[in-house]
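File shown: work_9.txt. Contents: compact mmCIF, C-alpha atoms.
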# COMPACT_ATOMS: atom_id res chain seq x y z
CA MET F 1415 -107.28 -22.57 -1.81
CA LYS F 1416 -107.79 -22.29 -5.54
CA PHE F 1417 -105.17 -20.63 -7.71
CA ARG F 1418 -106.88 -18.18 -10.06
CA PHE F 1419 -105.47 -18.08 -13.55
CA THR F 1420 -105.58 -14.35 -14.28
CA ALA F 1421 -105.14 -12.49 -17.52
CA VAL F 1422 -101.90 -11.11 -16.11
CA ALA F 1423 -100.60 -14.63 -15.56
CA VAL F 1424 -101.63 -15.62 -19.05
CA ALA F 1425 -99.84 -12.67 -20.56
CA ALA F 1426 -96.73 -13.35 -18.51
CA ALA F 1427 -96.70 -16.95 -19.64
CA LEU F 1428 -96.78 -15.88 -23.26
CA ILE F 1429 -94.01 -13.29 -23.15
CA GLY F 1430 -91.38 -14.10 -25.72
CA VAL F 1431 -93.54 -16.63 -27.54
CA ALA F 1432 -93.91 -15.97 -31.24
CA GLN F 1433 -97.66 -16.00 -31.86
CA PRO F 1434 -99.18 -16.92 -35.21
CA SER F 1435 -100.75 -14.05 -37.12
CA PHE F 1436 -103.98 -15.99 -37.59
CA ALA F 1437 -106.23 -18.05 -35.35
CA ALA F 1438 -105.20 -21.69 -35.51
CA ASN F 1439 -107.10 -24.85 -34.65
CA ILE F 1440 -104.79 -27.21 -32.77
CA SER F 1441 -105.19 -30.35 -30.70
CA ILE F 1442 -103.42 -31.88 -27.72
CA SER F 1443 -103.47 -35.48 -26.54
CA ALA F 1444 -103.79 -35.97 -22.79
CA SER F 1445 -104.29 -38.72 -20.23
CA SER F 1446 -107.65 -39.20 -18.53
CA THR F 1447 -106.08 -40.03 -15.15
CA GLY F 1448 -107.69 -38.35 -12.14
CA LYS F 1449 -108.90 -34.81 -12.85
CA ASN F 1450 -106.21 -34.06 -15.42
CA LEU F 1451 -108.60 -33.29 -18.27
CA GLU F 1452 -110.79 -30.99 -16.19
CA LEU F 1453 -107.93 -28.65 -15.29
CA LEU F 1454 -106.37 -28.89 -18.74
CA ARG F 1455 -109.60 -27.66 -20.28
CA LYS F 1456 -109.57 -24.66 -17.95
CA GLN F 1457 -106.03 -23.78 -18.96
CA LEU F 1458 -106.81 -24.24 -22.63
CA ASP F 1459 -109.78 -21.88 -22.30
CA ALA F 1460 -107.44 -19.24 -20.89
CA PHE F 1461 -104.99 -19.80 -23.77
CA GLU F 1462 -107.80 -19.52 -26.31
CA LYS F 1463 -109.05 -16.27 -24.80
CA GLU F 1464 -105.58 -14.73 -24.91
CA THR F 1465 -104.52 -15.89 -28.37
CA GLY F 1466 -107.68 -16.47 -30.38
CA ASN F 1467 -106.51 -20.00 -31.18
CA LYS F 1468 -108.82 -22.96 -30.59
CA VAL F 1469 -107.60 -26.10 -28.87
CA SER F 1470 -109.28 -29.50 -28.72
CA ILE F 1471 -108.33 -32.39 -26.46
CA VAL F 1472 -107.71 -35.89 -27.77
CA THR F 1473 -108.52 -38.02 -24.74
CA MET F 1474 -106.16 -40.91 -24.07
CA PRO F 1475 -106.56 -43.91 -21.73
CA SER F 1476 -104.87 -43.71 -18.33
CA SER F 1477 -102.58 -46.64 -19.20
CA SER F 1478 -99.26 -45.27 -20.45
CA THR F 1479 -98.66 -48.54 -22.32
CA GLU F 1480 -101.86 -48.09 -24.34
CA GLN F 1481 -101.01 -44.45 -24.97
CA PHE F 1482 -97.57 -45.29 -26.32
CA SER F 1483 -98.96 -47.90 -28.70
CA GLN F 1484 -101.48 -45.42 -30.09
CA TYR F 1485 -98.90 -42.64 -30.40
CA ARG F 1486 -96.55 -44.88 -32.30
CA LEU F 1487 -99.29 -45.79 -34.78
CA TRP F 1488 -100.31 -42.17 -35.33
CA LEU F 1489 -96.78 -40.89 -35.73
CA ALA F 1490 -95.77 -43.71 -38.06
CA ALA F 1491 -98.70 -42.73 -40.27
CA GLY F 1492 -97.73 -39.04 -40.25
CA ASN F 1493 -100.98 -38.12 -38.48
CA LYS F 1494 -101.71 -34.38 -38.74
CA ASP F 1495 -104.69 -34.45 -36.40
CA VAL F 1496 -102.63 -34.26 -33.19
CA ASP F 1497 -100.34 -31.24 -32.80
CA ILE F 1498 -99.08 -31.76 -29.23
CA TYR F 1499 -98.46 -35.07 -27.52
CA GLN F 1500 -98.38 -35.47 -23.75
CA THR F 1501 -95.46 -37.89 -23.37
CA ASP F 1502 -94.01 -40.09 -20.65
CA VAL F 1503 -90.46 -39.28 -19.56
CA ILE F 1504 -89.20 -42.58 -20.99
CA TRP F 1505 -90.45 -42.10 -24.55
CA ALA F 1506 -88.03 -39.43 -25.77
CA PRO F 1507 -85.40 -41.81 -27.25
CA GLN F 1508 -88.07 -43.84 -29.04
CA LEU F 1509 -90.16 -41.04 -30.56
CA ALA F 1510 -87.56 -38.25 -30.91
CA ASP F 1511 -87.44 -38.32 -34.72
CA GLN F 1512 -91.18 -37.59 -34.90
CA PHE F 1513 -91.03 -34.42 -32.81
CA VAL F 1514 -89.95 -30.82 -33.41
CA ASP F 1515 -86.67 -29.64 -31.85
CA LEU F 1516 -87.73 -27.08 -29.22
CA LYS F 1517 -84.24 -25.94 -28.25
CA ASP F 1518 -84.38 -22.54 -29.96
CA ALA F 1519 -88.03 -21.87 -29.13
CA ALA F 1520 -87.43 -22.62 -25.43
CA LYS F 1521 -84.00 -21.04 -25.03
CA ASP F 1522 -85.47 -18.26 -22.87
CA VAL F 1523 -86.99 -20.67 -20.33
CA VAL F 1524 -85.02 -23.92 -20.52
CA GLY F 1525 -82.68 -22.85 -17.72
CA ASP F 1526 -85.61 -22.67 -15.28
CA PHE F 1527 -86.30 -26.42 -15.42
CA PHE F 1528 -84.46 -29.09 -13.47
CA PRO F 1529 -81.42 -29.94 -15.65
CA SER F 1530 -81.89 -33.70 -15.20
CA ILE F 1531 -85.39 -33.53 -16.63
CA ILE F 1532 -84.28 -31.42 -19.60
CA ALA F 1533 -81.50 -33.96 -20.15
CA SER F 1534 -84.05 -36.80 -20.18
CA GLN F 1535 -85.91 -35.05 -23.01
CA THR F 1536 -82.80 -34.25 -25.05
CA VAL F 1537 -81.90 -36.78 -27.74
CA ASN F 1538 -78.84 -36.31 -29.95
CA GLY F 1539 -78.71 -32.65 -29.00
CA ARG F 1540 -82.41 -32.05 -29.80
CA LEU F 1541 -84.88 -30.97 -27.11
CA VAL F 1542 -87.88 -33.05 -28.10
CA ALA F 1543 -90.30 -32.12 -25.28
CA LEU F 1544 -90.86 -29.52 -22.55
CA PRO F 1545 -91.35 -30.83 -18.99
CA LEU F 1546 -94.98 -30.47 -17.82
CA TYR F 1547 -94.72 -32.14 -14.41
CA THR F 1548 -92.42 -34.63 -12.79
CA ASP F 1549 -93.36 -37.71 -10.82
CA ALA F 1550 -92.04 -40.11 -8.24
CA PRO F 1551 -94.22 -42.43 -6.20
CA ALA F 1552 -94.39 -42.66 -2.43
CA LEU F 1553 -95.90 -44.90 0.22
CA TYR F 1554 -99.29 -43.59 1.29
CA TYR F 1555 -100.30 -44.68 4.77
CA ARG F 1556 -103.35 -44.34 6.99
CA LYS F 1557 -102.00 -42.16 9.77
CA ASP F 1558 -105.13 -42.67 11.86
CA LEU F 1559 -104.78 -46.46 11.77
CA LEU F 1560 -101.04 -46.46 12.46
CA ASP F 1561 -101.60 -44.13 15.41
CA LYS F 1562 -104.44 -46.32 16.66
CA TYR F 1563 -102.16 -49.34 16.85
CA GLY F 1564 -99.01 -47.51 17.94
CA LYS F 1565 -97.15 -48.05 14.66
CA GLN F 1566 -94.58 -45.90 12.88
CA PRO F 1567 -94.36 -45.51 9.10
CA PRO F 1568 -92.38 -48.58 7.95
CA LYS F 1569 -88.79 -48.31 6.75
CA THR F 1570 -88.49 -51.80 5.24
CA TRP F 1571 -90.77 -53.91 3.05
CA ASP F 1572 -91.00 -56.55 5.77
CA GLU F 1573 -92.04 -53.93 8.33
CA MET F 1574 -94.68 -52.68 5.91
CA ALA F 1575 -96.06 -56.18 5.37
CA ALA F 1576 -96.09 -56.97 9.11
CA THR F 1577 -97.84 -53.72 9.99
CA ALA F 1578 -100.29 -54.13 7.13
CA LYS F 1579 -101.13 -57.69 8.21
CA GLU F 1580 -101.63 -56.79 11.87
CA ILE F 1581 -103.87 -53.80 11.21
CA GLN F 1582 -105.80 -55.62 8.50
CA GLU F 1583 -106.57 -58.55 10.81
CA LYS F 1584 -107.54 -56.39 13.79
CA GLU F 1585 -109.71 -54.04 11.76
CA ARG F 1586 -111.46 -56.94 10.03
CA ALA F 1587 -112.13 -58.52 13.41
CA ALA F 1588 -113.70 -55.22 14.46
CA GLY F 1589 -116.02 -55.24 11.44
CA GLN F 1590 -114.03 -53.61 8.62
CA LYS F 1591 -114.35 -56.69 6.41
CA ASP F 1592 -113.20 -55.05 3.15
CA LEU F 1593 -109.92 -53.66 4.47
CA TRP F 1594 -106.67 -54.73 2.81
CA GLY F 1595 -103.14 -54.06 3.97
CA TYR F 1596 -101.49 -52.90 0.76
CA VAL F 1597 -102.53 -51.96 -2.77
CA PHE F 1598 -100.23 -51.27 -5.70
CA GLN F 1599 -100.19 -51.56 -9.51
CA GLY F 1600 -99.88 -55.24 -10.41
CA ASN F 1601 -101.36 -55.34 -13.89
CA ALA F 1602 -99.10 -56.42 -16.77
CA TYR F 1603 -98.21 -52.96 -18.10
CA GLU F 1604 -95.66 -50.17 -17.65
CA GLY F 1605 -96.88 -49.49 -14.12
CA LEU F 1606 -95.73 -52.94 -13.02
CA THR F 1607 -92.29 -52.23 -14.46
CA CYS F 1608 -92.17 -49.18 -12.18
CA ASN F 1609 -93.31 -51.08 -9.08
CA ALA F 1610 -91.00 -54.03 -9.67
CA LEU F 1611 -88.01 -51.82 -10.47
CA GLU F 1612 -88.53 -50.23 -7.05
CA TRP F 1613 -88.67 -53.62 -5.31
CA VAL F 1614 -85.54 -54.81 -7.10
CA LYS F 1615 -83.46 -51.64 -6.85
CA SER F 1616 -84.29 -51.11 -3.16
CA SER F 1617 -83.14 -54.69 -2.53
CA GLY F 1618 -79.73 -54.30 -4.15
CA GLY F 1619 -80.85 -56.03 -7.34
CA GLY F 1620 -79.84 -53.37 -9.86
CA GLN F 1621 -81.79 -51.51 -12.52
CA ILE F 1622 -82.67 -54.30 -15.01
CA ILE F 1623 -80.12 -52.85 -17.45
CA GLU F 1624 -77.31 -50.75 -16.02
CA PRO F 1625 -76.28 -47.36 -17.45
CA ASP F 1626 -73.40 -49.03 -19.33
CA GLY F 1627 -75.83 -51.38 -21.07
CA THR F 1628 -75.09 -54.47 -18.96
CA ILE F 1629 -78.09 -56.74 -18.37
CA SER F 1630 -78.16 -57.16 -14.58
CA ILE F 1631 -81.65 -58.41 -13.71
CA ASN F 1632 -80.83 -62.11 -13.24
CA ASN F 1633 -79.50 -62.07 -9.67
CA GLU F 1634 -80.46 -63.43 -6.23
CA ASN F 1635 -81.46 -60.06 -4.78
CA ALA F 1636 -83.85 -59.38 -7.65
CA ALA F 1637 -85.42 -62.84 -7.33
CA ALA F 1638 -85.80 -62.38 -3.57
CA ALA F 1639 -87.52 -59.02 -4.13
CA LEU F 1640 -90.08 -60.60 -6.47
CA ASP F 1641 -90.61 -63.52 -4.09
CA ARG F 1642 -91.31 -61.04 -1.30
CA ALA F 1643 -93.93 -59.27 -3.42
CA LYS F 1644 -95.52 -62.58 -4.41
CA GLY F 1645 -96.04 -63.25 -0.73
CA TRP F 1646 -98.30 -60.21 -0.49
CA ILE F 1647 -100.82 -61.53 -3.02
CA GLY F 1648 -103.87 -62.90 -1.23
CA THR F 1649 -102.48 -62.04 2.20
CA ILE F 1650 -102.14 -58.24 2.54
CA SER F 1651 -103.04 -57.49 -1.10
CA PRO F 1652 -106.20 -58.70 -2.87
CA GLY F 1653 -105.81 -61.28 -5.62
CA GLY F 1654 -107.32 -58.71 -7.96
CA VAL F 1655 -104.27 -56.45 -7.52
CA LEU F 1656 -102.76 -58.38 -10.42
CA ALA F 1657 -105.20 -56.44 -12.62
CA TYR F 1658 -104.83 -53.07 -10.85
CA GLN F 1659 -103.48 -49.93 -12.48
CA GLU F 1660 -103.20 -46.54 -10.73
CA GLU F 1661 -106.90 -45.76 -10.64
CA GLU F 1662 -107.97 -49.17 -9.33
CA SER F 1663 -105.46 -48.85 -6.49
CA ARG F 1664 -106.67 -45.35 -5.72
CA GLY F 1665 -110.27 -46.52 -5.75
CA VAL F 1666 -109.62 -49.05 -2.99
CA TRP F 1667 -107.54 -46.58 -1.02
CA GLN F 1668 -109.87 -43.60 -1.33
CA THR F 1669 -112.89 -45.58 -0.14
CA GLY F 1670 -110.97 -46.33 3.05
CA ASN F 1671 -110.21 -49.96 2.26
CA ALA F 1672 -106.39 -50.04 2.42
CA VAL F 1673 -103.78 -49.38 5.11
CA PHE F 1674 -100.96 -48.67 2.62
CA MET F 1675 -100.84 -47.73 -1.05
CA ARG F 1676 -98.04 -47.15 -3.53
CA ASN F 1677 -99.02 -44.40 -5.92
CA TRP F 1678 -97.99 -41.17 -7.62
CA PRO F 1679 -98.47 -37.63 -6.25
CA TYR F 1680 -101.72 -37.02 -8.16
CA ALA F 1681 -103.53 -39.28 -5.67
CA TYR F 1682 -102.71 -36.93 -2.80
CA SER F 1683 -105.09 -34.09 -3.66
CA LEU F 1684 -107.80 -36.55 -4.70
CA GLY F 1685 -107.41 -38.39 -1.39
CA ASN F 1686 -108.10 -35.14 0.40
CA GLY F 1687 -111.12 -34.30 -1.76
CA ALA F 1688 -114.55 -33.70 -0.29
CA ASP F 1689 -115.77 -37.10 -1.51
CA SER F 1690 -112.85 -39.05 -0.03
CA ALA F 1691 -113.30 -41.42 2.91
CA VAL F 1692 -109.65 -40.88 3.89
CA LYS F 1693 -109.62 -37.07 3.78
CA GLY F 1694 -107.25 -35.80 6.49
CA LYS F 1695 -106.46 -39.35 7.64
CA PHE F 1696 -103.32 -40.14 5.66
CA ASP F 1697 -99.78 -39.06 4.97
CA VAL F 1698 -96.93 -40.12 2.67
CA THR F 1699 -93.39 -41.33 3.19
CA THR F 1700 -90.56 -42.73 1.08
CA LEU F 1701 -91.00 -46.23 -0.30
CA PRO F 1702 -89.52 -48.98 1.88
CA VAL F 1703 -86.23 -50.80 1.36
CA ALA F 1704 -85.22 -54.44 1.79
CA LYS F 1705 -83.04 -53.77 4.83
CA GLN F 1706 -81.79 -50.85 6.87
CA GLY F 1707 -79.00 -49.08 5.00
CA ASP F 1708 -80.45 -49.66 1.53
CA SER F 1709 -81.56 -46.59 -0.42
CA PRO F 1710 -85.26 -45.99 -1.15
CA SER F 1711 -85.94 -46.31 -4.87
CA SER F 1712 -88.87 -44.44 -6.38
CA THR F 1713 -89.16 -44.74 -10.14
CA LEU F 1714 -88.66 -41.44 -11.90
CA GLY F 1715 -91.79 -40.55 -13.78
CA GLY F 1716 -93.17 -37.42 -15.30
CA TRP F 1717 -94.96 -36.06 -18.33
CA ASN F 1718 -93.87 -33.67 -21.04
CA LEU F 1719 -95.23 -31.87 -24.08
CA ALA F 1720 -93.87 -32.63 -27.54
CA VAL F 1721 -94.86 -30.96 -30.80
CA SER F 1722 -95.45 -33.27 -33.75
CA LYS F 1723 -93.30 -32.63 -36.80
CA TYR F 1724 -96.44 -33.40 -38.84
CA SER F 1725 -98.36 -30.51 -37.26
CA GLU F 1726 -99.47 -27.86 -39.74
CA ASN F 1727 -99.62 -25.26 -36.93
CA GLN F 1728 -96.25 -25.69 -35.26
CA ASP F 1729 -95.91 -22.08 -34.07
CA ALA F 1730 -99.25 -22.19 -32.27
CA ALA F 1731 -98.45 -25.62 -30.87
CA ILE F 1732 -95.08 -24.45 -29.53
CA ALA F 1733 -96.77 -21.40 -27.97
CA LEU F 1734 -99.24 -23.70 -26.20
CA ALA F 1735 -96.49 -26.04 -25.00
CA LYS F 1736 -94.63 -23.09 -23.46
CA PHE F 1737 -97.86 -21.77 -21.96
CA LEU F 1738 -98.78 -25.06 -20.28
CA THR F 1739 -95.25 -25.57 -18.91
CA SER F 1740 -94.92 -21.99 -17.66
CA LYS F 1741 -94.56 -21.08 -14.00
CA GLU F 1742 -98.17 -19.91 -13.77
CA SER F 1743 -99.62 -23.04 -15.35
CA GLN F 1744 -97.44 -25.38 -13.30
CA LYS F 1745 -98.38 -23.55 -10.10
CA GLN F 1746 -102.03 -24.14 -10.87
CA ARG F 1747 -101.41 -27.83 -11.59
CA ALA F 1748 -99.49 -28.18 -8.33
CA ILE F 1749 -102.23 -26.56 -6.25
CA GLU F 1750 -105.24 -28.20 -7.88
CA LEU F 1751 -103.88 -31.60 -8.95
CA SER F 1752 -100.83 -32.04 -6.65
CA ASN F 1753 -98.64 -32.52 -9.73
CA LEU F 1754 -94.95 -31.98 -8.97
CA PRO F 1755 -93.53 -28.93 -10.79
CA THR F 1756 -90.54 -29.24 -13.09
CA LEU F 1757 -89.43 -25.72 -12.16
CA SER F 1758 -87.17 -25.60 -9.11
CA ALA F 1759 -88.42 -22.19 -7.95
CA LEU F 1760 -91.96 -23.47 -7.35
CA TYR F 1761 -90.81 -25.70 -4.48
CA ASP F 1762 -90.31 -22.50 -2.47
CA ASP F 1763 -93.71 -21.06 -3.44
CA LYS F 1764 -95.80 -20.22 -0.36
CA ASP F 1765 -99.15 -20.75 -2.09
CA ILE F 1766 -98.16 -24.25 -3.16
CA ALA F 1767 -96.81 -25.09 0.28
CA ALA F 1768 -100.06 -23.90 1.86
CA ALA F 1769 -102.25 -25.88 -0.51
CA GLN F 1770 -100.04 -29.00 -0.69
CA PRO F 1771 -97.92 -29.14 2.50
CA PHE F 1772 -96.39 -32.45 1.43
CA MET F 1773 -94.92 -31.08 -1.79
CA PRO F 1774 -91.72 -29.39 -0.57
CA ASN F 1775 -90.84 -32.69 1.15
CA TRP F 1776 -91.31 -34.59 -2.11
CA LYS F 1777 -88.48 -32.76 -3.85
CA PRO F 1778 -85.73 -35.09 -2.52
CA ILE F 1779 -87.85 -38.13 -3.41
CA PHE F 1780 -87.84 -37.38 -7.12
CA GLN F 1781 -84.36 -35.89 -7.15
CA ASN F 1782 -83.06 -39.26 -5.93
CA ALA F 1783 -85.48 -41.29 -8.06
CA VAL F 1784 -84.23 -44.22 -10.11
CA PRO F 1785 -84.71 -43.91 -13.89
CA ARG F 1786 -86.08 -46.76 -15.94
CA PRO F 1787 -83.43 -48.04 -18.37
CA SER F 1788 -84.78 -46.16 -21.38
CA ALA F 1789 -81.50 -44.30 -21.91
CA SER F 1790 -79.63 -47.62 -21.93
CA ALA F 1791 -82.05 -49.60 -24.09
CA LYS F 1792 -82.81 -46.64 -26.38
CA VAL F 1793 -85.38 -47.55 -29.06
CA LYS F 1794 -85.65 -51.08 -27.65
CA TYR F 1795 -86.85 -49.91 -24.23
CA ASN F 1796 -90.51 -50.67 -24.84
CA GLU F 1797 -89.69 -54.30 -25.64
CA VAL F 1798 -87.38 -54.48 -22.61
CA SER F 1799 -90.12 -53.19 -20.34
CA SER F 1800 -92.73 -55.52 -21.81
CA LYS F 1801 -90.49 -58.55 -21.29
CA PHE F 1802 -89.70 -57.41 -17.73
CA TRP F 1803 -93.29 -56.80 -16.63
CA THR F 1804 -94.33 -60.12 -18.20
CA ALA F 1805 -91.67 -61.99 -16.20
CA VAL F 1806 -92.72 -60.16 -13.03
CA HIS F 1807 -96.42 -60.78 -13.60
CA ASN F 1808 -95.73 -64.47 -14.19
CA SER F 1809 -93.77 -64.61 -10.93
CA LEU F 1810 -96.52 -62.86 -8.94
CA SER F 1811 -99.15 -65.13 -10.51
CA GLY F 1812 -97.24 -68.33 -9.70
CA ASN F 1813 -96.36 -69.12 -13.31
CA GLY F 1814 -92.81 -70.28 -12.70
CA THR F 1815 -90.51 -69.22 -9.89
CA SER F 1816 -88.93 -65.78 -9.75
CA ALA F 1817 -85.46 -67.28 -10.29
CA GLU F 1818 -86.64 -69.24 -13.34
CA ASN F 1819 -88.45 -66.25 -14.84
CA LEU F 1820 -85.47 -63.94 -14.39
CA GLU F 1821 -83.16 -66.47 -16.01
CA LEU F 1822 -85.49 -66.65 -19.02
CA LEU F 1823 -85.74 -62.86 -19.03
CA GLU F 1824 -81.96 -62.50 -19.14
CA ALA F 1825 -81.83 -64.79 -22.17
CA ASP F 1826 -84.60 -62.82 -23.91
CA LEU F 1827 -82.91 -59.49 -23.21
CA THR F 1828 -79.55 -60.79 -24.40
CA SER F 1829 -81.16 -61.86 -27.66
CA LEU F 1830 -82.94 -58.52 -27.98
CA LYS F 1831 -79.74 -56.57 -27.34
CA GLY F 1832 -77.74 -58.37 -29.99
CA GLU F 1833 -74.42 -56.63 -30.50
CA ASN F 1834 -75.58 -53.47 -28.76
CA TRP F 1835 -78.59 -51.52 -27.66

Can you dump the structure from the file as structure tokens?
Amino acid sequence: MKFRFTAVAVAAALIGVAQPSFAANISISASSTGKNLELLRKQLDAFEKETGNKVSIVTMPSSSTEQFSQYRLWLAAGNKDVDIYQTDVIWAPQLADQFVDLKDAAKDVVGDFFPSIIASQTVNGRLVALPLYTDAPALYYRKDLLDKYGKQPPKTWDEMAATAKEIQEKERAAGQKDLWGYVFQGNAYEGLTCNALEWVKSSGGGQIIEPDGTISINNENAAAALDRAKGWIGTISPGGVLAYQEEESRGVWQTGNAVFMRNWPYAYSLGNGADSAVKGKFDVTTLPVAKQGDSPSSTLGGWNLAVSKYSENQDAAIALAKFLTSKESQKQRAIELSNLPTLSALYDDKDIAAAQPFMPNWKPIFQNAVPRPSASAKVKYNEVSSKFWTAVHNSLSGNGTSAENLELLEADLTSLKGENW
């Protein structure tokens, strides 16, 4: 079903928003992942019709690492060409000083969002972004293939690898030569930080930097987790996975060439699209753990809308941010893009449950998700993440052992920390 964005919904979304007395031209930066831009344009058209304002999209690459680098350059230069930035959940501490405090403007709606997400976007008492959608990855699996071979969704990483290997070998022998067991995001970028944090945390290896600021990554469990992942390369995962980001993984999966995939919720609706080779053939479950009794660890993700303090049309920009994060807009995103809402009430919405049956079950996945250590590392997080994904990528590529690379990483992080984060 398609959710129709009616004039009534538009009006409801704008109640209580102070509108500018003149038509403004504003711009919003947004990721090009999946069909994000297509739906965004539809919502912007509805906003334009209701308010008379005009909104242009500044298209960003799908890589969050590349986005952050560009944002930092623009904001450092006081760029007035971008009014609203679509921001990753981890960027608030690093970019907070460049954004407008939305606390007063959003006081009528802030209580509707999950408190933990609002907290993640609050820096020194300032609400620097409104939550657009939240994110936590899951393990996608080919239900048809698991049923064919009498397999259950795996609970541990070793079970996943064994099932992937068996099905891969049997299907290849039957003629499916391009099938791989498991695809994930192995490129040297923020996505690898997310994947590796999940491997490490679900193996009892900590969170890289703990909430109290302690550097914990150099330990045997973390090294074992990276060694396990290295064993997948060239066996159940293609060698090229070391260059994969989200869309490359989805490409292999959606053409029917993977048994398992680690990816975010957006891939669910696309996987069930009319052009998908796996439509109706897959399901999702929590990410595996190292051993029974360990807790699954999905990295907390999510995207938000921040208003630039350099914007010359801040009122219009704030109105648009509230519009796009409203119940009506989020419902449309959930139904059409399978983006997880940041409003608790929408997880009980019957239309969403009908269109995306998996979504109500995803709520506990993200509520128990593990945050990246951006709150601990503060403005140094980007360097922390870069050093971490580099150490992981080296380990997966065979450039030094996992134990050696984590020891070097600990030394680098200790130097970076100095007296404190």

Could the residues of range 1544-1655 of chain F that have an atom at most 10 Å from range 1502-1509 of chain F be listed as a tab-separated table, each with its closest atom pair and the distance in Å to one decimal, counting only C-alpha atoms and ordered by chain and ascending residue number?
residue	atom	partner	partner_atom	distance
F:Pro1545	CA	F:Val1503	CA	8.5
F:Tyr1547	CA	F:Val1503	CA	9.8
F:Thr1548	CA	F:Val1503	CA	8.4
F:Asp1549	CA	F:Val1503	CA	9.3

Could you tell me which of F:Asp1762, F:Asp1626, F:Glu1750, F:Glu1742 comes closest to Gly1687 in chain F if we count only C-alpha atoms?
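The shortest atom-to-atom distance to Gly1687 in chain F comes from F:Glu1750.
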
Would you kindly return, as a PDB file with C-alpha atoms, in the frame of the given file, each protein, DNA or RNA residue with an atom no farther than 7 Å from any atom of Val1542 in chain F, considering all atoms listed in the file and excluding same-chain residues fewer than 2 positions away?
ATOM      1  CA  ALA F1506     -88.030 -39.430 -25.770  1.00  0.00           C
ATOM      2  CA  ALA F1510     -87.560 -38.250 -30.910  1.00  0.00           C
ATOM      3  CA  PHE F1513     -91.030 -34.420 -32.810  1.00  0.00           C
ATOM      4  CA  VAL F1514     -89.950 -30.820 -33.410  1.00  0.00           C
ATOM      5  CA  ASP F1515     -86.670 -29.640 -31.850  1.00  0.00           C
ATOM      6  CA  LEU F1516     -87.730 -27.080 -29.220  1.00  0.00           C
ATOM      7  CA  GLN F1535     -85.910 -35.050 -23.010  1.00  0.00           C
ATOM      8  CA  THR F1536     -82.800 -34.250 -25.050  1.00  0.00           C
ATOM      9  CA  ARG F1540     -82.410 -32.050 -29.800  1.00  0.00           C
ATOM     10  CA  ALA F1720     -93.870 -32.630 -27.540  1.00  0.00           C
TER      11      ALA F1720
END

Take CA of Thr1756 in chain F and CA of Tyr1724 in chain F and report the distance between them in Å, one decimal.
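Between CA of Thr1756 in chain F and CA of Tyr1724 in chain F the gap works out to 26.7 Å.
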
Fewer than 5 positions away in the same chain doesn't count, so skip those; otherwise give me all residues within 12 Å of Arg1455 in chain F, counting all atoms listed in the file, as a VMD selection string.
chain F and resid 1441 to 1444 1446 1449 to 1450 1460 to 1462 1468 to 1473 1738 1747
